[in-house]
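The next block is entry_7.txt, given as compact mmCIF, C-alpha atoms.
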# COMPACT_ATOMS: atom_id res chain seq x y z
CA MET A 260 93.93 108.97 123.39
CA PRO A 261 91.44 109.80 120.60
CA SER A 262 87.68 109.77 121.23
CA ILE A 263 85.86 106.68 120.03
CA ASP A 264 84.31 108.75 117.21
CA GLN A 265 87.76 109.80 115.97
CA PHE A 266 88.87 106.19 116.31
CA ILE A 267 85.93 104.97 114.19
CA GLU A 268 86.83 107.52 111.52
CA SER A 269 90.42 106.19 111.38
CA PHE A 270 89.07 102.64 111.36
CA LEU A 271 86.82 103.33 108.35
CA THR A 272 89.77 104.74 106.42
CA ALA A 273 92.05 101.86 107.41
CA VAL A 274 89.62 99.12 106.38
CA ASP A 275 88.88 100.89 103.07
CA PHE A 276 85.24 99.79 102.66
CA GLN A 277 84.02 99.48 99.08
CA GLU A 278 80.61 100.89 100.02
CA ALA A 279 79.80 103.15 102.98
CA VAL A 280 78.84 101.28 106.16
CA GLU A 281 77.45 102.46 109.49
CA VAL A 282 79.83 101.67 112.32
CA ALA A 283 79.00 102.25 116.01
CA PRO A 284 80.95 101.33 119.18
CA ASP A 285 78.96 98.13 119.61
CA THR A 286 79.16 97.04 115.96
CA GLU A 287 80.27 93.42 115.67
CA LEU A 288 83.43 93.27 113.52
CA ARG A 289 82.30 89.98 111.95
CA SER A 290 79.10 91.65 110.73
CA LEU A 291 81.12 94.02 108.52
CA PRO A 292 81.27 92.80 104.91
CA GLU A 293 84.96 93.56 104.48
CA TRP A 294 86.38 92.53 107.85
CA ASP A 295 89.01 90.29 106.23
CA SER A 296 92.79 89.77 106.18
CA LEU A 297 93.31 92.98 104.19
CA ALA A 298 91.26 94.93 106.76
CA ALA A 299 93.41 93.40 109.51
CA LEU A 300 96.57 94.68 107.81
CA GLY A 301 95.08 98.15 107.49
CA VAL A 302 94.10 98.22 111.16
CA ILE A 303 97.54 97.00 112.34
CA VAL A 304 99.15 99.81 110.29
CA MET A 305 96.64 102.34 111.69
CA PHE A 306 97.53 101.40 115.28
CA ASP A 307 101.24 101.65 114.48
CA VAL A 308 101.36 104.83 112.39
CA ASP A 309 98.46 106.86 113.84
CA TYR A 310 98.71 105.82 117.49
CA GLY A 311 102.27 104.44 117.90
CA LYS A 312 100.86 101.17 119.27
CA THR A 313 101.99 97.69 118.22
CA ILE A 314 99.24 95.07 117.91
CA THR A 315 99.30 91.56 116.42
CA GLY A 316 96.94 89.49 114.30
CA ASP A 317 96.05 87.51 117.45
CA ASP A 318 95.08 90.73 119.29
CA LEU A 319 92.63 91.41 116.46
CA LYS A 320 91.20 87.89 116.54
CA ASN A 321 90.36 88.39 120.22
CA CYS A 322 88.25 91.48 119.50
CA SER A 323 84.57 91.10 118.69
CA THR A 324 83.34 94.72 118.65
CA ILE A 325 84.69 98.15 117.73
CA THR A 326 84.88 98.96 121.47
CA ASP A 327 87.15 95.93 122.00
CA LEU A 328 89.45 97.30 119.30
CA TYR A 329 89.37 100.77 120.85
CA LYS A 330 90.40 99.29 124.20
CA LEU A 331 93.62 97.98 122.60
CA LEU A 332 94.79 101.62 122.57
CA GLY A 333 94.70 101.73 126.37
CA MET B 111 124.09 92.17 116.02
CA ALA B 112 125.85 91.57 112.67
CA LEU B 113 127.03 95.07 111.80
CA SER B 114 130.10 95.06 109.58
CA THR B 115 132.21 96.98 107.09
CA LEU B 116 133.78 95.64 103.90
CA HIS B 117 136.81 97.28 102.37
CA ASN B 118 138.46 96.87 98.96
CA VAL B 119 135.25 95.90 97.16
CA ARG B 120 133.98 97.87 94.18
CA PHE B 121 130.38 97.67 92.95
CA ALA B 122 131.09 97.23 89.22
CA GLY B 123 127.54 97.00 87.92
CA MET B 124 124.22 95.20 87.75
CA ALA B 125 121.56 94.09 85.28
CA SER B 126 117.99 92.81 85.56
CA CYS B 127 115.80 90.64 83.36
CA ILE B 128 112.01 90.13 83.54
CA PRO B 129 109.72 87.83 81.54
CA ARG B 130 107.88 89.37 78.55
CA ARG B 131 104.48 88.11 79.68
CA GLU B 132 102.53 90.69 81.66
CA ILE B 133 99.38 89.96 83.67
CA SER B 134 97.00 92.44 85.21
CA ASN B 135 95.58 91.99 88.69
CA LEU B 136 92.38 93.71 87.55
CA GLU B 137 91.88 92.59 83.92
CA ASP B 138 92.98 88.99 84.42
CA CYS B 139 90.71 88.10 87.33
CA PRO B 140 87.18 86.66 87.20
CA PRO B 141 84.59 89.47 86.74
CA SER B 142 82.80 88.32 89.90
CA GLN B 143 85.87 89.23 91.93
CA ARG B 144 86.48 92.57 90.24
CA SER B 145 85.21 94.87 92.98
CA GLU B 146 87.09 93.02 95.73
CA ARG B 147 90.21 93.03 93.54
CA GLU B 148 89.99 96.81 93.10
CA ARG B 149 90.10 97.26 96.86
CA LEU B 150 93.00 94.80 97.11
CA VAL B 151 94.98 96.48 94.33
CA ARG B 152 94.46 99.90 95.94
CA ASN B 153 95.98 98.59 99.16
CA ILE B 154 98.84 96.43 97.85
CA GLY B 155 99.63 98.93 95.07
CA ILE B 156 100.29 96.18 92.50
CA HIS B 157 98.49 96.57 89.15
CA THR B 158 100.49 94.41 86.76
CA ARG B 159 103.05 91.66 87.19
CA ARG B 160 105.46 89.69 85.02
CA ILE B 161 105.13 85.93 84.89
CA CYS B 162 107.34 83.25 83.34
CA PRO B 163 105.81 80.78 80.92
CA GLU B 164 105.78 77.20 82.28
CA TRP B 165 109.07 76.24 80.65
CA GLN B 166 111.03 79.27 81.86
CA CYS B 167 112.99 79.15 85.14
CA PHE B 168 114.46 81.87 87.32
CA SER B 169 117.89 80.78 86.09
CA ASP B 170 116.89 81.55 82.47
CA LEU B 171 116.24 85.18 83.47
CA ALA B 172 119.40 85.37 85.60
CA PHE B 173 121.42 83.91 82.72
CA VAL B 174 120.26 86.69 80.36
CA ALA B 175 120.98 89.34 83.02
CA ALA B 176 124.49 87.91 83.61
CA GLU B 177 125.30 87.80 79.89
CA LYS B 178 124.14 91.40 79.49
CA LEU B 179 126.22 92.54 82.44
CA LEU B 180 129.39 90.72 81.37
CA ASP B 181 129.06 92.28 77.90
CA GLU B 182 128.57 95.77 79.37
CA LEU B 183 131.56 95.38 81.67
CA GLN B 184 133.65 93.69 78.97
CA TRP B 185 134.77 91.13 81.52
CA GLN B 186 136.24 87.90 80.16
CA ARG B 187 134.52 84.69 81.25
CA ASP B 188 137.75 83.24 82.65
CA GLU B 189 138.20 86.26 84.94
CA ILE B 190 135.20 85.30 87.10
CA ASP B 191 136.37 83.65 90.34
CA VAL B 192 133.00 83.33 92.12
CA LEU B 193 129.36 82.78 91.07
CA ILE B 194 126.79 82.90 93.88
CA VAL B 195 123.10 82.27 93.16
CA VAL B 196 120.62 83.50 95.76
CA THR B 197 117.22 81.95 95.07
CA GLN B 198 114.39 79.84 96.44
CA SER B 199 113.41 78.69 92.95
CA PRO B 200 116.31 76.52 91.85
CA ASP B 201 116.19 74.52 88.59
CA TYR B 202 116.30 71.30 90.63
CA LEU B 203 116.42 70.39 94.31
CA ILE B 204 119.81 68.85 93.50
CA PRO B 205 122.30 69.97 92.12
CA ALA B 206 122.86 73.67 92.80
CA THR B 207 121.71 76.05 90.06
CA ALA B 208 124.94 78.09 90.34
CA ILE B 209 126.97 75.12 89.13
CA ILE B 210 124.70 74.59 86.12
CA LEU B 211 125.08 78.31 85.32
CA GLN B 212 128.89 78.10 85.62
CA ASP B 213 128.85 75.87 82.56
CA ARG B 214 126.02 77.68 80.76
CA LEU B 215 127.77 81.04 81.13
CA GLY B 216 131.04 79.53 79.93
CA LEU B 217 132.91 80.27 83.15
CA ALA B 218 136.11 78.41 84.03
CA HIS B 219 136.21 75.22 86.11
CA GLY B 220 138.18 77.23 88.66
CA THR B 221 135.01 79.21 89.50
CA ILE B 222 133.62 78.83 93.03
CA ALA B 223 129.86 78.31 92.50
CA PHE B 224 127.11 77.65 95.04
CA ASP B 225 123.48 78.46 95.89
CA VAL B 226 122.13 80.32 98.88
CA ASN B 227 118.56 79.73 100.06
CA LEU B 228 117.26 83.23 100.85
CA GLY B 229 114.23 85.05 99.45
CA CYS B 230 113.10 88.66 99.83
CA SER B 231 116.01 89.59 102.11
CA GLY B 232 118.60 87.99 99.83
CA TYR B 233 120.22 90.92 98.03
CA PRO B 234 122.17 92.53 100.92
CA PHE B 235 123.19 89.04 102.12
CA GLY B 236 124.40 88.14 98.61
CA LEU B 237 126.43 91.36 98.36
CA HIS B 238 127.96 90.67 101.77
CA MET B 239 128.90 87.06 100.97
CA LEU B 240 130.48 87.84 97.62
CA GLY B 241 132.00 91.06 98.99
CA SER B 242 133.56 89.20 101.93
CA MET B 243 135.20 86.68 99.58
CA ILE B 244 136.60 89.43 97.37
CA SER B 245 137.59 91.75 100.21
CA ALA B 246 140.21 89.28 101.40
CA GLY B 247 142.15 89.86 98.17
CA GLY B 248 142.60 86.33 96.85
CA LEU B 249 139.60 86.46 94.52
CA LYS B 250 139.30 89.41 92.14
CA LYS B 251 135.94 89.32 90.35
CA GLY B 252 132.59 87.72 91.10
CA LEU B 253 128.91 87.65 90.21
CA VAL B 254 125.90 87.26 92.46
CA LEU B 255 122.64 86.31 90.73
CA VAL B 256 119.51 87.02 92.77
CA GLY B 257 115.84 86.39 92.11
CA ASP B 258 112.92 84.01 92.04
CA LYS B 259 110.14 82.53 89.97
CA SER B 260 107.24 82.95 92.37
CA ALA B 261 104.40 84.45 90.28
CA THR B 262 101.14 82.57 89.80
CA ILE B 263 98.08 83.73 87.87
CA MET B 264 95.78 84.02 90.87
CA ASP B 265 98.09 85.29 93.63
CA PRO B 266 98.13 89.09 93.25
CA LEU B 267 101.54 89.74 94.87
CA PHE B 268 104.39 87.96 93.19
CA SER B 269 106.20 88.73 89.95
CA ASP B 270 109.21 86.99 88.36
CA ALA B 271 112.70 88.40 87.76
CA GLY B 272 116.37 87.45 87.58
CA THR B 273 119.29 89.80 88.24
CA ALA B 274 123.08 89.86 88.10
CA THR B 275 125.45 92.03 90.13
CA ALA B 276 129.23 92.26 89.67
CA LEU B 277 131.75 93.06 92.39
CA GLU B 278 135.53 93.35 92.01
CA PHE B 279 138.60 93.81 94.19
CA ASP B 280 139.71 97.45 94.29
CA ALA B 281 141.95 98.71 97.09
CA SER B 282 140.70 102.27 96.55
CA ALA B 283 136.98 101.41 96.76
CA PRO B 284 134.90 103.16 99.46
CA PRO B 285 133.69 100.94 102.34
CA MET B 286 130.37 99.05 102.16
CA TYR B 287 128.36 98.82 105.39
CA PHE B 288 126.02 96.00 106.39
CA ASP B 289 123.47 95.12 109.06
CA LEU B 290 122.27 91.50 108.62
CA ASN B 291 119.77 89.67 110.86
CA SER B 292 117.85 86.40 111.22
CA ASP B 293 114.91 85.30 113.40
CA GLY B 294 114.02 81.65 112.86
CA SER B 295 111.23 81.77 115.44
CA GLY B 296 109.14 83.25 112.61
CA TYR B 297 109.88 80.48 110.09
CA LYS B 298 106.19 79.67 109.65
CA ALA B 299 105.24 83.21 108.57
CA ILE B 300 106.15 82.48 104.93
CA MET B 301 106.72 78.85 104.00
CA LEU B 302 106.38 76.13 101.41
CA PRO B 303 105.60 73.37 103.89
CA ALA B 304 105.78 70.24 101.72
CA GLY B 305 108.49 68.64 99.61
CA GLY B 306 111.39 68.86 102.06
CA HIS B 307 112.52 66.22 104.52
CA ARG B 308 110.29 67.43 107.40
CA GLU B 309 107.17 66.84 105.29
CA PRO B 310 107.98 64.85 102.13
CA TYR B 311 105.50 64.97 99.24
CA GLY B 312 102.66 62.49 99.62
CA ILE B 313 99.38 61.80 97.86
CA GLU B 314 97.59 64.14 100.32
CA HIS B 315 99.50 67.14 98.93
CA VAL B 316 97.86 66.91 95.51
CA ILE B 317 94.26 66.96 96.79
CA PRO B 318 92.89 70.55 96.85
CA LYS B 319 90.97 71.71 99.93
CA ARG B 320 88.77 74.76 100.46
CA ASP B 321 90.26 77.37 102.77
CA GLU B 322 88.30 79.62 105.17
CA HIS B 323 87.44 81.95 102.26
CA GLY B 324 86.14 79.16 100.06
CA PHE B 325 89.13 79.13 97.69
CA LEU B 326 90.57 75.80 96.60
CA ARG B 327 94.17 75.42 97.80
CA LEU B 328 96.71 72.64 97.64
CA PRO B 329 98.22 71.67 100.99
CA ALA B 330 101.62 72.13 99.31
CA ASP B 331 100.95 75.79 98.31
CA LEU B 332 102.90 78.71 99.76
CA VAL B 333 101.62 79.75 103.19
CA LEU B 334 101.82 83.46 104.01
CA ASP B 335 100.67 84.89 107.35
CA GLY B 336 99.87 88.46 106.27
CA PRO B 337 99.54 90.13 109.70
CA ALA B 338 102.73 88.43 110.97
CA VAL B 339 104.74 89.53 107.91
CA LEU B 340 103.36 93.06 108.14
CA SER B 341 104.22 93.35 111.85
CA PHE B 342 107.68 91.90 111.33
CA SER B 343 108.47 94.23 108.41
CA THR B 344 107.19 97.44 109.93
CA GLN B 345 108.66 96.75 113.40
CA ARG B 346 112.10 95.42 112.44
CA VAL B 347 113.10 97.27 109.28
CA PRO B 348 113.00 100.95 110.37
CA PRO B 349 115.23 100.43 113.47
CA ALA B 350 117.64 98.30 111.40
CA VAL B 351 117.99 101.14 108.87
CA GLU B 352 118.56 103.67 111.67
CA ARG B 353 121.13 101.37 113.29
CA LEU B 354 123.16 101.02 110.09
CA LEU B 355 123.07 104.79 109.46
CA GLU B 356 124.38 105.35 112.96
CA TYR B 357 127.06 102.65 112.64
CA SER B 358 128.30 104.00 109.31
CA GLN B 359 128.01 107.61 110.51
CA VAL B 360 126.07 108.50 107.38
CA ASP B 361 123.16 110.96 107.62
CA LYS B 362 119.86 110.27 105.86
CA GLU B 363 120.51 113.41 103.80
CA GLN B 364 123.73 111.87 102.46
CA ILE B 365 121.88 108.89 100.98
CA ASP B 366 120.79 109.57 97.39
CA HIS B 367 118.32 106.69 97.07
CA PHE B 368 116.69 104.40 99.63
CA ILE B 369 115.74 101.13 97.94
CA PHE B 370 113.46 98.79 99.90
CA HIS B 371 112.27 95.31 99.11
CA GLN B 372 108.99 95.76 97.23
CA ALA B 373 106.62 93.84 99.53
CA ASN B 374 103.31 95.66 99.11
CA ARG B 375 102.16 99.29 99.35
CA LEU B 376 100.85 99.00 102.94
CA ILE B 377 104.18 97.65 104.22
CA ASN B 378 106.41 99.91 102.12
CA GLU B 379 104.52 103.11 102.88
CA THR B 380 104.51 102.32 106.61
CA ILE B 381 108.28 101.77 106.61
CA ARG B 382 108.85 104.98 104.62
CA LYS B 383 106.66 107.04 106.94
CA LYS B 384 108.23 105.63 110.10
CA LEU B 385 111.68 106.57 108.77
CA ARG B 386 110.36 110.00 107.66
CA LEU B 387 111.78 109.60 104.16
CA PRO B 388 110.55 111.77 101.26
CA ALA B 389 108.77 109.71 98.55
CA GLU B 390 111.11 111.06 95.84
CA LYS B 391 114.08 109.37 97.52
CA VAL B 392 112.31 106.01 97.74
CA PRO B 393 111.65 104.61 94.26
CA SER B 394 108.99 101.92 93.85
CA THR B 395 108.24 99.31 91.20
CA LEU B 396 105.21 97.78 92.93
CA HIS B 397 102.70 99.29 90.48
CA ASP B 398 103.99 97.57 87.35
CA LEU B 399 106.45 94.90 88.53
CA GLY B 400 104.87 93.62 91.77
CA ASN B 401 106.81 91.82 94.48
CA THR B 402 109.83 90.29 92.74
CA SER B 403 111.12 88.61 95.92
CA GLY B 404 114.93 88.84 96.31
CA ALA B 405 115.25 90.54 92.92
CA SER B 406 113.20 93.55 93.97
CA LEU B 407 116.16 95.75 95.00
CA PRO B 408 118.15 95.34 91.75
CA VAL B 409 114.93 95.36 89.67
CA THR B 410 113.96 98.70 91.21
CA LEU B 411 117.45 100.11 90.60
CA THR B 412 117.28 99.03 86.96
CA ALA B 413 113.67 100.03 86.29
CA ARG B 414 113.72 103.42 88.00
CA LEU B 415 117.33 104.61 88.17
CA HIS B 416 119.46 102.94 85.50
CA GLU B 417 119.90 106.08 83.37
CA GLN B 418 120.70 108.19 86.41
CA LEU B 419 123.14 105.68 87.92
CA ASP B 420 124.93 104.38 84.81
CA GLY B 421 128.51 105.67 84.95
CA ALA B 422 127.63 108.14 87.73
CA LYS B 423 128.35 108.49 91.44
CA ALA B 424 125.70 107.86 94.11
CA ARG B 425 125.21 106.54 97.62
CA LEU B 426 122.53 103.85 97.96
CA LEU B 427 120.85 102.32 100.97
CA LEU B 428 119.47 98.85 100.17
CA SER B 429 117.10 97.04 102.53
CA GLY B 430 115.69 93.53 102.03
CA PHE B 431 113.33 91.70 104.40
CA GLY B 432 111.03 88.68 104.50
CA VAL B 433 110.98 84.88 104.47
CA GLY B 434 113.13 83.31 107.18
CA LEU B 435 112.51 85.58 108.89
CA SER B 436 115.52 87.46 107.65
CA TRP B 437 116.33 91.15 107.14
CA GLY B 438 119.42 92.98 105.92
CA THR B 439 120.51 96.50 105.04
CA ALA B 440 123.53 97.71 103.09
CA ILE B 441 125.00 101.13 102.32
CA VAL B 442 126.85 101.02 99.01
CA ASP B 443 128.63 103.80 97.12
CA VAL B 444 128.53 103.37 93.36
CA ASP B 445 130.99 105.21 91.15
CA LYS B 446 131.15 104.75 87.37
CA ALA B 447 129.36 101.39 87.70
CA ARG B 448 127.34 100.03 84.78
CA PHE B 449 123.55 99.90 85.01
CA PRO B 450 122.20 98.69 81.64
CA ALA B 451 118.49 99.07 80.80
CA MET B 452 115.96 96.35 81.71
CA THR B 453 116.10 93.23 79.55
CA GLU B 454 113.04 91.08 78.74
CA ALA B 455 113.25 87.37 77.95
Show how you would write the structure in this file as structure tokens.
Amino acid sequence: MPSIDQFIESFLTAVDFQEAVEVAPDTELRSLPEWDSLAALGVIVMFDVDYGKTITGDDLKNCSTITDLYKLLG
Amino acid sequence: MALSTLHNVRFAGMASCIPRREISNLEDCPPSQRSERERLVRNIGIHTRRICPEWQCFSDLAFVAAEKLLDELQWQRDEIDVLIVVTQSPDYLIPATAIILQDRLGLAHGTIAFDVNLGCSGYPFGLHMLGSMISAGGLKKGLVLVGDKSATIMDPLFSDAGTATALEFDASAPPMYFDLNSDGSGYKAIMLPAGGHREPYGIEHVIPKRDEHGFLRLPADLVLDGPAVLSFSTQRVPPAVERLLEYSQVDKEQIDHFIFHQANRLINETIRKKLRLPAEKVPSTLHDLGNTSGASLPVTLTARLHEQLDGAKARLLLSGFGVGLSWGTAIVDVDKARFPAMTEA
């Protein structure tokens, strides 16, 4: 399992933010300007390709912070 | 698990036709959305698309592709025993577009003609249906016309195209292998909800409503559940490809070109990486021709490989997936088949 810092790095790449944002473990996903359907697709692919883990759109909807997302790896 | 082999069927050739009108996902969007569009385009990999004018139907493009192919093959119109049209954009709800095209193409009354309602997965299914009819030996030559008119100005994914593929009976032809699948539990992932018998058109369908992003949408517009389609495509397609390779006892190295439905860059790159395929063996037309629905396999063959394939020998793996949900893979050997250049209409 990657560290949460490594995970955040992958997350930033997957979401493909237009402008740099600060993301910490307790960052609320909804507070991020580009947390949209495209970001969801990027994150589903990241889980699959980088971590070999299958997650669904509903799994993502149930997450409110970066830590919640990270826990999906478990 | 519908794994099968067809014998005695030769892939004689194919042709594709796209509309002349090109639109750009970046240039043709409101300036206020430009920055968001750039991010979208980077991820879906689609820069420009082709779109029919109002008056033009899918069948108009397929008609041009069929005429081109028949001319290239020098097949007589009265030799065609079967005409199958695979589309979700028919000319009318009733009657079938294939029957209208039988007359328009000047084919004989003895032609078997019918439509099949499949979208992005349609090409391998169309090859299998026509191939099965020819394989039995009673019918000698047939055409399958595949494609859709699904482009709109605002939606950044879809692009229009019509294609024609010719198969003929040939006892010395190499076998074609197929893996064809359906999962109706996912029917809501991509759907046009209104206008059928479950939800007939009513006055409520012509009143636009704002969606969660503030865009005005008609209740009758196409519904597409992005995460569901992505999960379906990236989970189901790679094992299906592996299964067909194993069934046919063909190694990945023995396939010259892997052609996948052109969904979007995220989906296609994930599938390619999961199958560990080199990019040079997996041609793409997403950048300039978008997602051409069921036509995307033949369109990619025409746009990227027609010079290389025309009159030559090659082994192709063709994989279509999407609305239904439905997914199919075929391994087809082509030998001296005709692949004319792209036509515009």
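Proximity to chain A at a cut-off of 10 Å picks out Ser145, Glu146, Glu148, Arg149, Leu150, Arg152, Asn153, Ile154, His323, Asp335, Gly336, Pro337, Ala338, Val339, Leu340, Ser341, Phe342, Thr344, Gln345, Leu376, Ile377, Glu379, Thr380, Ile381, Lys383 and Lys384 of chain B on chain B, counting all atoms listed in the file.
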Enter the distance from CA of Ile210 (chain B) to CA of Phe121 (chain B), in Å, rounded to one decimal.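 Computing it gives 24.7 Å between the two atoms.
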Quote the spacing between CA of Asn118 (chain B) and CA of Leu237 (chain B) in Å to one decimal place. 13.2 Å
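Of note, CA of Cys139 (chain B) and CA of Phe325 (chain B) are spaced 13.8 Å apart.
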Contacts of Ala283 (chain A) at 10 Å (only C-alpha atoms; same-chain gap of 2+ positions) as a PyMOL selection string: chain A and resi 263-264+267+280-281+285-287+324-326
Padding of 5 Å on every side, edges along x, y and z, all listed atoms of region 441-452 of chain B included: what centre and edge lengths in Å, to one decimal, does that box have, as AutoDock Vina command-line options?
--center_x 123.6 --center_y 100.8 --center_z 91.6 --size_x 25.2 --size_y 18.9 --size_z 31.5
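Minimum atom-to-atom distance to Val442 (chain B), evaluated using only C-alpha atoms, belongs to B:Pro284 out of B:Pro329, B:Pro284, B:Gly306, B:Pro129.
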Within 12 Å of Ser262 (chain A), counting all atoms listed in the file, which residues qualify if same-chain residues fewer than 2 places away don't, as a list in words?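 Contacts, in chain order: Met260, Asp264, Gln265, Phe266, Ile267, Glu268, Ser269, Pro284, Thr326, Tyr329, Lys330, Leu332 and Gly333 of chain A.
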Distance cut-off 9 Å, centre (120.2, 86.3, 86.4) in file coordinates, counting only C-alpha atoms: which residues qualify? Return them as an MDAnalysis selection string. chainID B and resid 125:127 168:177 195 254:257 271:275
Would you kindly return, as an mmCIF file with C-alpha atoms, in the frame of the given file, each protein, DNA or RNA residue with an atom no farther than 8 Å from any atom of Ser323 (chain A), considering all atoms listed in the file and excluding same-chain residues fewer than 4 positions away?
data_model
loop_
_atom_site.group_PDB
_atom_site.id
_atom_site.type_symbol
_atom_site.label_atom_id
_atom_site.label_comp_id
_atom_site.auth_asym_id
_atom_site.auth_seq_id
_atom_site.Cartn_x
_atom_site.Cartn_y
_atom_site.Cartn_z
ATOM 1 C CA GLU A 287 80.270 93.420 115.670
ATOM 2 C CA LEU A 288 83.430 93.270 113.520
ATOM 3 C CA ARG A 289 82.300 89.980 111.950
ATOM 4 C CA ASP A 327 87.150 95.930 122.000
ATOM 5 C CA LEU A 328 89.450 97.300 119.300
#
